[in-house]
$ cat model12.cif   # mmCIF, C-alpha atoms
data_model
loop_
_atom_site.label_atom_id
_atom_site.label_comp_id
_atom_site.auth_asym_id
_atom_site.auth_seq_id
_atom_site.Cartn_x
_atom_site.Cartn_y
_atom_site.Cartn_z
CA MET A 1 -70.74 -134.12 44.09
CA ILE A 2 -71.85 -133.50 47.64
CA ASP A 3 -69.01 -131.26 48.75
CA GLY A 4 -70.25 -131.05 52.32
CA LEU A 5 -69.32 -134.71 52.89
CA PHE A 6 -65.68 -134.19 52.07
CA ASN A 7 -65.09 -130.76 53.58
CA ASN A 8 -63.97 -132.14 56.90
CA PRO A 9 -60.67 -130.33 57.71
CA SER A 10 -58.94 -133.47 58.99
CA TYR A 11 -59.85 -135.38 55.82
CA LEU A 12 -58.53 -132.53 53.68
CA ALA A 13 -55.38 -132.29 55.76
CA ALA A 14 -54.75 -136.04 55.42
CA LYS A 15 -55.25 -135.75 51.68
CA LYS A 16 -52.82 -132.84 51.41
CA THR A 17 -50.23 -134.70 53.47
CA LEU A 18 -50.63 -137.67 51.12
CA ASP A 19 -49.94 -135.31 48.19
CA ALA A 20 -46.87 -134.00 50.00
CA VAL A 21 -45.61 -137.56 50.60
CA ALA A 22 -45.98 -138.34 46.88
CA VAL A 23 -44.05 -135.19 45.94
CA ARG A 24 -41.38 -136.04 48.49
CA GLN A 25 -41.06 -139.56 47.06
CA GLU A 26 -40.39 -137.99 43.68
CA ALA A 27 -37.71 -135.76 45.22
CA ILE A 28 -35.96 -138.70 46.91
CA ALA A 29 -36.15 -140.80 43.73
CA ASN A 30 -34.50 -137.96 41.83
CA ASN A 31 -31.80 -137.56 44.45
CA ILE A 32 -30.92 -141.25 44.31
CA ALA A 33 -30.98 -141.27 40.50
CA ASN A 34 -28.49 -138.38 40.50
CA LEU A 35 -26.24 -139.91 43.13
CA GLU A 36 -23.24 -139.54 40.85
CA THR A 37 -24.13 -136.48 38.80
CA PRO A 38 -21.41 -133.90 39.39
CA GLY A 39 -22.71 -130.66 40.86
CA TYR A 40 -26.21 -132.00 41.52
CA LYS A 41 -27.98 -130.34 44.46
CA ARG A 42 -30.48 -132.46 46.35
CA VAL A 43 -34.14 -131.44 46.15
CA ASP A 44 -36.82 -131.88 48.77
CA LEU A 45 -40.32 -130.75 49.63
CA SER A 46 -40.40 -126.96 50.10
CA PRO A 47 -39.71 -126.34 53.79
CA ASN A 48 -42.50 -123.78 54.06
CA PHE A 49 -45.19 -126.31 53.07
CA ARG A 50 -45.28 -127.73 56.58
CA ALA A 51 -45.71 -124.30 58.18
CA GLU A 52 -48.43 -123.39 55.69
CA LEU A 53 -50.28 -126.65 56.34
CA ASP A 54 -50.01 -126.09 60.10
CA ARG A 55 -51.43 -122.60 59.74
CA ALA A 56 -54.25 -123.74 57.46
CA VAL A 57 -55.22 -126.65 59.73
CA SER A 58 -55.26 -124.50 62.87
CA SER A 59 -57.46 -121.94 61.09
CA GLY A 60 -59.89 -124.78 60.30
CA ASP A 61 -60.70 -123.21 56.95
CA ALA A 62 -61.37 -125.99 54.42
CA GLN A 63 -60.79 -123.68 51.45
CA GLN A 64 -57.39 -122.64 52.75
CA ILE A 65 -56.28 -126.26 53.28
CA ASP A 66 -57.52 -127.21 49.82
CA SER A 67 -55.61 -124.40 48.11
CA LEU A 68 -52.21 -125.60 49.38
CA LYS A 69 -49.89 -127.08 46.79
CA PRO A 70 -46.77 -129.03 47.79
CA SER A 71 -43.79 -128.29 45.54
CA LEU A 72 -40.14 -129.23 45.19
CA SER A 73 -37.26 -126.93 45.98
CA VAL A 74 -33.50 -127.27 46.22
CA ASP A 75 -32.35 -128.17 49.71
CA THR A 76 -30.07 -125.28 50.64
CA ASN A 77 -29.03 -126.83 53.96
CA ALA A 78 -27.35 -129.88 52.42
CA VAL A 79 -23.56 -129.79 52.40
CA ALA A 80 -21.47 -131.28 49.61
CA MET A 81 -19.54 -134.30 50.90
CA SER A 82 -17.43 -134.75 47.78
CA GLN A 83 -15.20 -132.66 45.54
CA ASP A 84 -17.69 -132.53 42.67
CA GLY A 85 -20.23 -130.47 44.64
CA ASN A 86 -22.91 -133.19 44.73
CA THR A 87 -24.94 -132.86 47.93
CA VAL A 88 -26.60 -136.30 47.89
CA ASN A 89 -25.77 -138.67 50.72
CA LEU A 90 -26.94 -142.21 49.85
CA GLU A 91 -27.44 -143.37 53.46
CA ASN A 92 -29.47 -140.30 54.29
CA GLU A 93 -31.60 -140.70 51.17
CA MET A 94 -32.33 -144.38 51.90
CA MET A 95 -33.40 -143.44 55.42
CA GLN A 96 -35.66 -140.69 54.10
CA LEU A 97 -37.05 -143.09 51.49
CA ASN A 98 -38.08 -145.62 54.12
CA GLN A 99 -39.47 -142.92 56.38
CA ASN A 100 -41.49 -141.59 53.49
CA THR A 101 -42.88 -145.04 52.68
CA LEU A 102 -44.05 -145.41 56.29
CA ALA A 103 -45.57 -141.92 56.22
CA HIS A 104 -47.40 -142.95 53.07
CA THR A 105 -48.79 -146.08 54.76
CA LEU A 106 -49.95 -143.95 57.67
CA GLU A 107 -51.66 -141.40 55.44
CA THR A 108 -53.40 -143.94 53.21
CA GLN A 109 -54.77 -145.69 56.30
CA MET A 110 -55.84 -142.34 57.71
CA VAL A 111 -57.72 -141.39 54.53
CA SER A 112 -59.21 -144.90 54.39
CA SER A 113 -60.42 -144.82 57.96
CA LEU A 114 -61.97 -141.36 57.52
CA LEU A 115 -63.84 -142.64 54.48
CA MET A 116 -64.92 -145.79 56.34
CA ARG A 117 -66.25 -143.64 59.15
CA LEU A 118 -68.25 -141.61 56.67
CA LYS A 119 -69.63 -144.81 55.16
CA MET A 120 -70.55 -146.08 58.59
CA ALA A 121 -72.43 -142.85 59.31
CA ILE A 122 -74.32 -143.16 56.02
CA THR A 123 -75.23 -146.84 56.16
CA GLY A 124 -75.34 -147.37 59.92
CA LYS A 125 -73.42 -150.62 59.46
CA SER A 126 -69.96 -151.13 60.81
CA SER A 127 -68.37 -152.89 57.86
CA MET B 1 -53.10 -141.08 30.99
CA ILE B 2 -52.99 -142.05 34.63
CA GLN B 3 -49.50 -142.81 35.83
CA PRO B 4 -49.62 -144.76 39.07
CA LEU B 5 -45.83 -144.90 39.19
CA SER B 6 -45.18 -141.25 38.62
CA GLY B 7 -41.78 -139.69 39.02
CA ILE B 8 -39.69 -142.79 38.43
CA GLN B 9 -38.66 -141.93 34.87
CA ASN B 10 -35.46 -140.50 36.28
CA THR B 11 -34.90 -143.64 38.36
CA VAL B 12 -35.33 -145.81 35.27
CA ALA B 13 -32.90 -143.59 33.34
CA ALA B 14 -30.37 -143.93 36.15
CA LEU B 15 -30.81 -147.74 36.21
CA ASP B 16 -30.16 -147.80 32.48
CA ALA B 17 -27.05 -145.62 32.80
CA GLU B 18 -25.64 -147.70 35.65
CA ARG B 19 -26.19 -150.89 33.68
CA THR B 20 -24.21 -149.42 30.77
CA ARG B 21 -21.45 -148.55 33.22
CA LEU B 22 -21.45 -152.12 34.57
CA ASP B 23 -21.23 -153.47 31.01
CA VAL B 24 -18.25 -151.26 30.22
CA ILE B 25 -16.46 -152.23 33.43
CA SER B 26 -16.96 -155.92 32.69
CA GLU B 27 -15.61 -155.34 29.18
CA ASN B 28 -12.52 -153.70 30.68
CA ILE B 29 -11.96 -156.59 33.08
CA ALA B 30 -12.51 -159.18 30.36
CA ASN B 31 -9.97 -157.47 28.11
CA ALA B 32 -7.36 -156.80 30.78
CA ASN B 33 -4.89 -159.05 28.97
CA THR B 34 -5.87 -158.43 25.35
CA THR B 35 -2.62 -157.49 23.61
CA HIS B 36 -4.02 -157.84 20.11
CA GLY B 37 -7.42 -156.23 19.65
CA VAL B 38 -9.55 -155.90 16.52
CA ASP B 39 -7.35 -153.05 15.27
CA GLY B 40 -4.16 -154.99 16.04
CA LYS B 41 -3.35 -152.72 19.00
CA PRO B 42 -3.65 -153.55 22.68
CA TYR B 43 -7.09 -153.01 24.18
CA GLN B 44 -7.73 -149.46 25.41
CA ARG B 45 -9.63 -149.05 28.66
CA LYS B 46 -13.11 -147.58 28.17
CA VAL B 47 -14.84 -145.09 30.45
CA VAL B 48 -18.49 -144.09 30.62
CA VAL B 49 -19.21 -140.38 30.71
CA PHE B 50 -22.43 -139.52 32.51
CA GLU B 51 -24.41 -136.45 31.71
CA SER B 52 -27.60 -135.03 33.11
CA ALA B 53 -30.25 -133.38 31.04
CA MET B 54 -33.05 -131.34 32.46
CA GLN B 55 -36.32 -133.20 32.46
CA GLN B 56 -39.66 -131.59 33.09
CA ALA B 57 -41.18 -133.32 36.11
CA MET B 58 -44.66 -134.53 35.20
CA GLY B 59 -45.17 -136.51 38.37
CA ALA B 60 -47.35 -136.32 41.44
CA GLY B 61 -46.62 -132.68 42.10
CA GLY B 62 -47.37 -131.74 38.54
CA ASN B 63 -45.54 -128.58 39.47
CA GLY B 64 -43.45 -128.52 36.31
CA SER B 65 -40.23 -128.29 38.27
CA MET B 66 -37.07 -129.21 36.41
CA THR B 67 -35.10 -132.21 37.57
CA PRO B 68 -31.89 -133.46 35.97
CA GLN B 69 -32.19 -136.87 34.32
CA LEU B 70 -29.09 -139.00 34.21
CA HIS B 71 -27.97 -140.62 30.97
CA VAL B 72 -24.83 -141.84 29.27
CA ALA B 73 -23.32 -139.04 27.17
CA ARG B 74 -20.66 -141.17 25.48
CA ILE B 75 -18.28 -144.05 26.02
CA ASP B 76 -14.75 -142.71 25.80
CA THR B 77 -11.43 -144.49 25.67
CA ASP B 78 -8.92 -143.90 28.41
CA LYS B 79 -5.87 -142.18 26.89
CA ARG B 80 -3.37 -143.82 29.22
CA ALA B 81 -0.35 -145.29 27.40
CA PRO B 82 -0.19 -149.10 27.31
CA LEU B 83 1.92 -150.89 29.86
CA GLU B 84 5.07 -152.47 28.44
CA ILE B 85 6.18 -155.77 29.86
CA TYR B 86 9.13 -157.92 28.85
CA ALA B 87 7.91 -161.14 27.24
CA PRO B 88 10.09 -162.07 24.26
CA GLY B 89 8.17 -165.31 23.64
CA ASN B 90 4.93 -163.47 22.96
CA PRO B 91 4.03 -163.23 19.24
CA ASP B 92 3.08 -159.56 19.80
CA ALA B 93 6.50 -158.68 21.20
CA ASP B 94 8.50 -155.98 19.41
CA ALA B 95 12.22 -156.12 18.50
CA ARG B 96 13.23 -155.43 22.12
CA GLY B 97 11.03 -158.25 23.39
CA MET B 98 8.53 -155.81 24.95
CA VAL B 99 4.78 -156.44 24.71
CA ALA B 100 2.32 -153.56 25.01
CA THR B 101 -0.50 -154.65 27.33
CA PRO B 102 -3.66 -152.75 28.25
CA ASN B 103 -3.13 -150.34 31.13
CA ILE B 104 -5.94 -151.76 33.22
CA ASN B 105 -5.76 -151.75 36.99
CA ILE B 106 -8.00 -154.55 38.20
CA HIS B 107 -8.38 -152.94 41.65
CA GLU B 108 -9.63 -149.74 40.11
CA GLU B 109 -12.12 -151.67 37.98
CA MET B 110 -13.38 -153.67 40.96
CA ALA B 111 -13.91 -150.51 43.01
CA ASP B 112 -15.86 -148.97 40.13
CA LEU B 113 -17.84 -152.19 39.74
CA ILE B 114 -18.93 -152.09 43.38
CA ALA B 115 -19.84 -148.38 43.22
CA ALA B 116 -21.92 -148.96 40.09
CA SER B 117 -23.75 -151.98 41.49
CA ARG B 118 -24.53 -150.15 44.75
CA ALA B 119 -25.95 -147.21 42.81
CA PHE B 120 -28.00 -149.69 40.78
CA GLU B 121 -29.33 -151.34 43.95
CA ALA B 122 -30.27 -147.99 45.48
CA ASN B 123 -32.33 -147.12 42.42
CA LEU B 124 -33.93 -150.54 42.46
CA ALA B 125 -34.97 -149.95 46.08
CA VAL B 126 -36.71 -146.77 44.96
CA VAL B 127 -38.68 -148.69 42.34
CA LYS B 128 -39.75 -151.31 44.92
CA ASN B 129 -40.81 -148.62 47.37
CA GLU B 130 -42.72 -146.77 44.70
CA LYS B 131 -44.57 -149.95 43.77
CA SER B 132 -45.62 -150.72 47.34
CA MET B 133 -46.80 -147.14 47.74
CA ALA B 134 -48.85 -147.35 44.55
CA MET B 135 -50.46 -150.59 45.81
CA GLN B 136 -51.39 -148.88 49.06
CA THR B 137 -52.81 -145.89 47.25
CA LEU B 138 -54.94 -148.20 45.13
CA SER B 139 -56.34 -149.85 48.24
CA ILE B 140 -57.61 -146.59 49.78
CA GLY B 141 -61.21 -147.18 50.83
CA LYS B 142 -60.83 -150.94 51.14
CA HIS B 143 -60.41 -152.57 54.50
#
$ encode --input "model12.cif" --output "structure tokens"
Amino acid sequence: MIDGLFNNPSYLAAKKTLDAVAVRQEAIANNIANLETPGYKRVDLSPNFRAELDRAVSSGDAQQIDSLKPSLSVDTNAVAMSQDGNTVNLENEMMQLNQNTLAHTLETQMVSSLLMRLKMAITGKSS
Amino acid sequence: MIQPLSGIQNTVAALDAERTRLDVISENIANANTTHGVDGKPYQRKVVVFESAMQQAMGAGGNGSMTPQLHVARIDTDKRAPLEIYAPGNPDADARGMVATPNINIHEEMADLIAASRAFEANLAVVKNEKSMAMQTLSIGKH
């Protein structure tokens, strides 16, 4: 594999964000599935992933961006709205779900367009 | 194996559990006036008991984090005493003319029915979203 072609920091960052969106989708799906599980605490993407990605992107180091790994963690800021201690709010989750789907569309198009640009540079043709 | 729809096992489990709950509620409503069940006693209201078991997440993150998966632990009978109404003409009436009828509150059942079907719909929305995302992922590199 010609690594040099795919070491562009913005391509790697878009790829990592796409990974994060997929992990987040899993978190939201779990939250909605456990809407009525007593004592369930909502999970979300680890809040420090964003800061780490920001730092890695601003350093411009491809290796550093590539080594990031999005993970799930319990959302400690969520407040239980019911007596059973469940912190899932259906309206909030549906909003996040739709936001996440849009973010996914954005990221797939971003990755696609970066790849198309690369192809254009290789072939010299625009389509 | 490649799993394009990763992380929806828990959603599917929740859909299954909610469907069971809907079935039990409809059984309760259908038997609201059953004074003579299979065992000769008035119908006893049934309740679904949900339980969550930890499930190793094998999805997109592949991070091995534990997420609780919803499933039906058991279907219990409500221990409420039957409601006695005066109906001397009823073949099931006792010596005082009282008939024991199931203690089912139709309003309570309807409220549960709506809650269960909304939870079902929410999970269905997740599946639809997941599918459209998978389609987009598969079209990366096309134009």
$ atom_distance --input "model12.cif" --atom1 "CA of Thr17 (chain A)" --atom2 "CA of Leu124 (chain B)"
25.3 Å
$ atom_distance --input "model12.cif" --atom1 "CA of Ala13 (chain B)" --atom2 "CA of Ile106 (chain B)"
27.6 Å
$ interface_residues --input "model12.cif" --of "chain A" --to "chain B" --cutoff "6 Å" --atoms "only C-alpha atoms" --output "list in words"
Ala22, Val23, Glu26, Ala33 and Ser112 of chain A
$ resolve_selection --input "model12.cif" --expression "the PyMOL selection byres ((chain A and resi 10) around 10)" --output "count of residues only"
17
$ atom_distance --input "model12.cif" --atom1 "CA of Asp44 (chain A)" --atom2 "CA of Arg19 (chain B)"
26.5 Å
$ closest_residue --input "model12.cif" --among "A:Ser73, A:Gly39, A:Gln25, A:Val79" --to "Ala103 (chain A)" --atoms "only C-alpha atoms"
A:Gln25
$ resolve_selection --input "model12.cif" --expression "the PyMOL selection byres ((chain B and resi 47) around 7)" --output "PyMOL selection string"
chain B and resi 45-46+48-49+75-78
$ residues_around --input "model12.cif" --residues "Asn89 (chain A)" --least-positions-apart "3" --cutoff "12 Å" --atoms "only C-alpha atoms" --output "mmCIF file with C-alpha atoms, in the frame of the given file"
data_model
loop_
_atom_site.group_PDB
_atom_site.id
_atom_site.type_symbol
_atom_site.label_atom_id
_atom_site.label_comp_id
_atom_site.auth_asym_id
_atom_site.auth_seq_id
_atom_site.Cartn_x
_atom_site.Cartn_y
_atom_site.Cartn_z
ATOM 1 C CA ILE A 28 -35.960 -138.700 46.910
ATOM 2 C CA ASN A 31 -31.800 -137.560 44.450
ATOM 3 C CA ILE A 32 -30.920 -141.250 44.310
ATOM 4 C CA ALA A 33 -30.980 -141.270 40.500
ATOM 5 C CA ASN A 34 -28.490 -138.380 40.500
ATOM 6 C CA LEU A 35 -26.240 -139.910 43.130
ATOM 7 C CA GLU A 36 -23.240 -139.540 40.850
ATOM 8 C CA TYR A 40 -26.210 -132.000 41.520
ATOM 9 C CA LYS A 41 -27.980 -130.340 44.460
ATOM 10 C CA ARG A 42 -30.480 -132.460 46.350
ATOM 11 C CA VAL A 43 -34.140 -131.440 46.150
ATOM 12 C CA ALA A 78 -27.350 -129.880 52.420
ATOM 13 C CA VAL A 79 -23.560 -129.790 52.400
ATOM 14 C CA ALA A 80 -21.470 -131.280 49.610
ATOM 15 C CA MET A 81 -19.540 -134.300 50.900
ATOM 16 C CA SER A 82 -17.430 -134.750 47.780
ATOM 17 C CA GLY A 85 -20.230 -130.470 44.640
ATOM 18 C CA ASN A 86 -22.910 -133.190 44.730
ATOM 19 C CA ASN A 92 -29.470 -140.300 54.290
ATOM 20 C CA GLU A 93 -31.600 -140.700 51.170
ATOM 21 C CA MET A 94 -32.330 -144.380 51.900
ATOM 22 C CA MET A 95 -33.400 -143.440 55.420
ATOM 23 C CA GLN A 96 -35.660 -140.690 54.100
ATOM 24 C CA ALA B 119 -25.950 -147.210 42.810
ATOM 25 C CA ALA B 122 -30.270 -147.990 45.480
#
$ residues_near_point --input "model12.cif" --point "(-5.0, -149.4, 26.6)" --cutoff "10 Å" --atoms "all atoms listed in the file" --output "mmCIF file with C-alpha atoms, keeping the file's coordinate frame"
data_model
loop_
_atom_site.group_PDB
_atom_site.id
_atom_site.type_symbol
_atom_site.label_atom_id
_atom_site.label_comp_id
_atom_site.auth_asym_id
_atom_site.auth_seq_id
_atom_site.Cartn_x
_atom_site.Cartn_y
_atom_site.Cartn_z
ATOM 1 C CA ASN B 28 -12.520 -153.700 30.680
ATOM 2 C CA ASN B 31 -9.970 -157.470 28.110
ATOM 3 C CA ALA B 32 -7.360 -156.800 30.780
ATOM 4 C CA ASN B 33 -4.890 -159.050 28.970
ATOM 5 C CA THR B 34 -5.870 -158.430 25.350
ATOM 6 C CA THR B 35 -2.620 -157.490 23.610
ATOM 7 C CA LYS B 41 -3.350 -152.720 19.000
ATOM 8 C CA PRO B 42 -3.650 -153.550 22.680
ATOM 9 C CA TYR B 43 -7.090 -153.010 24.180
ATOM 10 C CA GLN B 44 -7.730 -149.460 25.410
ATOM 11 C CA ARG B 45 -9.630 -149.050 28.660
ATOM 12 C CA LYS B 46 -13.110 -147.580 28.170
ATOM 13 C CA THR B 77 -11.430 -144.490 25.670
ATOM 14 C CA ASP B 78 -8.920 -143.900 28.410
ATOM 15 C CA LYS B 79 -5.870 -142.180 26.890
ATOM 16 C CA ARG B 80 -3.370 -143.820 29.220
ATOM 17 C CA ALA B 81 -0.350 -145.290 27.400
ATOM 18 C CA PRO B 82 -0.190 -149.100 27.310
ATOM 19 C CA LEU B 83 1.920 -150.890 29.860
ATOM 20 C CA ALA B 100 2.320 -153.560 25.010
ATOM 21 C CA THR B 101 -0.500 -154.650 27.330
ATOM 22 C CA PRO B 102 -3.660 -152.750 28.250
ATOM 23 C CA ASN B 103 -3.130 -150.340 31.130
ATOM 24 C CA ILE B 104 -5.940 -151.760 33.220
#
$ residues_around --input "model12.cif" --residues "region 49-56 of chain A" --least-positions-apart "4" --cutoff "8 Å" --atoms "all atoms listed in the file" --output "MDAnalysis selection string"
chainID A and resid 13 45 60:61 64:65 68:71
$ closest_residue --input "model12.cif" --among "A:Leu106, A:Leu5, A:Val74, A:Ala29" --to "Ala121 (chain A)" --atoms "only C-alpha atoms"
A:Leu5
$ residues_around --input "model12.cif" --residues "Tyr86 (chain B)" --least-positions-apart "6" --cutoff "8 Å" --atoms "all atoms listed in the file" --output "list in words"
Gly97, Met98 and Val99 of chain B
$ write_last_selection --input "model12.cif" --atoms "C-alpha atoms" --output "CSV table (one decimal), in the coordinates of the input"
chain,number,residue,atom,x,y,z
B,97,GLY,CA,11.0,-158.2,23.4
B,98,MET,CA,8.5,-155.8,25.0
B,99,VAL,CA,4.8,-156.4,24.7
$ decode --input "model12.cif" --residues "region 113-123 of chain A" --atoms "all heavy atoms" --output "JSON list (two decimals), in the first residue's frame"
[["chain", "number", "residue", "atom", "x", "y", "z"],
["A", 113, "SER", "N", -15.10, 12.96, -1.20],
["A", 113, "SER", "CA", -14.57, 14.03, -2.03],
["A", 113, "SER", "C", -13.04, 14.09, -1.95],
["A", 113, "SER", "O", -12.38, 14.39, -2.94],
["A", 113, "SER", "CB", -15.20, 15.37, -1.65],
["A", 113, "SER", "OG", -14.60, 15.88, -0.50],
["A", 114, "LEU", "N", -12.49, 13.74, -0.78],
["A", 114, "LEU", "CA", -11.03, 13.70, -0.67],
["A", 114, "LEU", "C", -10.45, 12.60, -1.56],
["A", 114, "LEU", "O", -9.42, 12.78, -2.22],
["A", 114, "LEU", "CB", -10.61, 13.50, 0.79],
["A", 114, "LEU", "CG", -10.78, 14.73, 1.68],
["A", 114, "LEU", "CD1", -10.75, 14.35, 3.15],
["A", 114, "LEU", "CD2", -9.72, 15.77, 1.39],
["A", 115, "LEU", "N", -11.16, 11.48, -1.61],
["A", 115, "LEU", "CA", -10.70, 10.37, -2.46],
["A", 115, "LEU", "C", -10.83, 10.73, -3.94],
["A", 115, "LEU", "O", -9.97, 10.39, -4.75],
["A", 115, "LEU", "CB", -11.50, 9.11, -2.15],
["A", 115, "LEU", "CG", -11.18, 8.42, -0.83],
["A", 115, "LEU", "CD1", -12.18, 7.30, -0.55],
["A", 115, "LEU", "CD2", -9.78, 7.85, -0.83],
["A", 116, "MET", "N", -11.94, 11.44, -4.27],
["A", 116, "MET", "CA", -12.16, 11.84, -5.66],
["A", 116, "MET", "C", -11.06, 12.80, -6.11],
["A", 116, "MET", "O", -10.59, 12.74, -7.25],
["A", 116, "MET", "CB", -13.52, 12.51, -5.84],
["A", 116, "MET", "CG", -14.73, 11.62, -5.65],
["A", 116, "MET", "SD", -14.59, 10.02, -6.37],
["A", 116, "MET", "CE", -14.95, 10.41, -8.05],
["A", 117, "ARG", "N", -10.67, 13.67, -5.17],
["A", 117, "ARG", "CA", -9.63, 14.64, -5.50],
["A", 117, "ARG", "C", -8.31, 13.93, -5.80],
["A", 117, "ARG", "O", -7.58, 14.28, -6.73],
["A", 117, "ARG", "CB", -9.45, 15.62, -4.34],
["A", 117, "ARG", "CG", -9.43, 17.06, -4.82],
["A", 117, "ARG", "CD", -9.08, 18.00, -3.72],
["A", 117, "ARG", "NE", -10.09, 17.98, -2.65],
["A", 117, "ARG", "CZ", -9.89, 18.59, -1.49],
["A", 117, "ARG", "NH1", -8.77, 19.23, -1.24],
["A", 117, "ARG", "NH2", -10.82, 18.57, -0.57],
["A", 118, "LEU", "N", -8.04, 12.93, -5.00],
["A", 118, "LEU", "CA", -6.83, 12.13, -5.16],
["A", 118, "LEU", "C", -6.85, 11.45, -6.54],
["A", 118, "LEU", "O", -5.86, 11.44, -7.28],
["A", 118, "LEU", "CB", -6.79, 11.08, -4.06],
["A", 118, "LEU", "CG", -5.47, 10.42, -3.74],
["A", 118, "LEU", "CD1", -4.45, 11.45, -3.34],
["A", 118, "LEU", "CD2", -5.65, 9.41, -2.61],
["A", 119, "LYS", "N", -8.03, 10.91, -6.88],
["A", 119, "LYS", "CA", -8.19, 10.23, -8.15],
["A", 119, "LYS", "C", -7.99, 11.19, -9.32],
["A", 119, "LYS", "O", -7.36, 10.84, -10.32],
["A", 119, "LYS", "CB", -9.62, 9.64, -8.18],
["A", 119, "LYS", "CG", -9.81, 8.58, -9.23],
["A", 119, "LYS", "CD", -11.19, 7.98, -9.09],
["A", 119, "LYS", "CE", -11.58, 7.16, -10.29],
["A", 119, "LYS", "NZ", -13.01, 6.82, -10.25],
["A", 120, "MET", "N", -8.53, 12.41, -9.11],
["A", 120, "MET", "CA", -8.39, 13.42, -10.15],
["A", 120, "MET", "C", -6.92, 13.76, -10.37],
["A", 120, "MET", "O", -6.45, 13.90, -11.51],
["A", 120, "MET", "CB", -9.16, 14.67, -9.74],
["A", 120, "MET", "CG", -9.64, 15.49, -10.92],
["A", 120, "MET", "SD", -9.95, 17.19, -10.46],
["A", 120, "MET", "CE", -11.39, 17.08, -9.50],
["A", 121, "ALA", "N", -6.17, 13.85, -9.25],
["A", 121, "ALA", "CA", -4.75, 14.18, -9.34],
["A", 121, "ALA", "C", -3.98, 13.07, -10.05],
["A", 121, "ALA", "O", -3.02, 13.32, -10.78],
["A", 121, "ALA", "CB", -4.18, 14.41, -7.95],
["A", 122, "ILE", "N", -4.43, 11.81, -9.83],
["A", 122, "ILE", "CA", -3.72, 10.68, -10.44],
["A", 122, "ILE", "C", -4.03, 10.58, -11.92],
["A", 122, "ILE", "O", -3.13, 10.42, -12.76],
["A", 122, "ILE", "CB", -4.08, 9.37, -9.72],
["A", 122, "ILE", "CG1", -3.58, 9.41, -8.28],
["A", 122, "ILE", "CG2", -3.48, 8.17, -10.44],
["A", 122, "ILE", "CD1", -4.14, 8.30, -7.41],
["A", 123, "THR", "N", -5.32, 10.67, -12.27],
["A", 123, "THR", "CA", -5.72, 10.42, -13.66],
["A", 123, "THR", "C", -5.72, 11.68, -14.50],
["A", 123, "THR", "O", -5.63, 11.60, -15.74],
["A", 123, "THR", "CB", -7.13, 9.83, -13.72],
["A", 123, "THR", "OG1", -8.03, 10.77, -13.13],
["A", 123, "THR", "CG2", -7.23, 8.52, -12.95]]
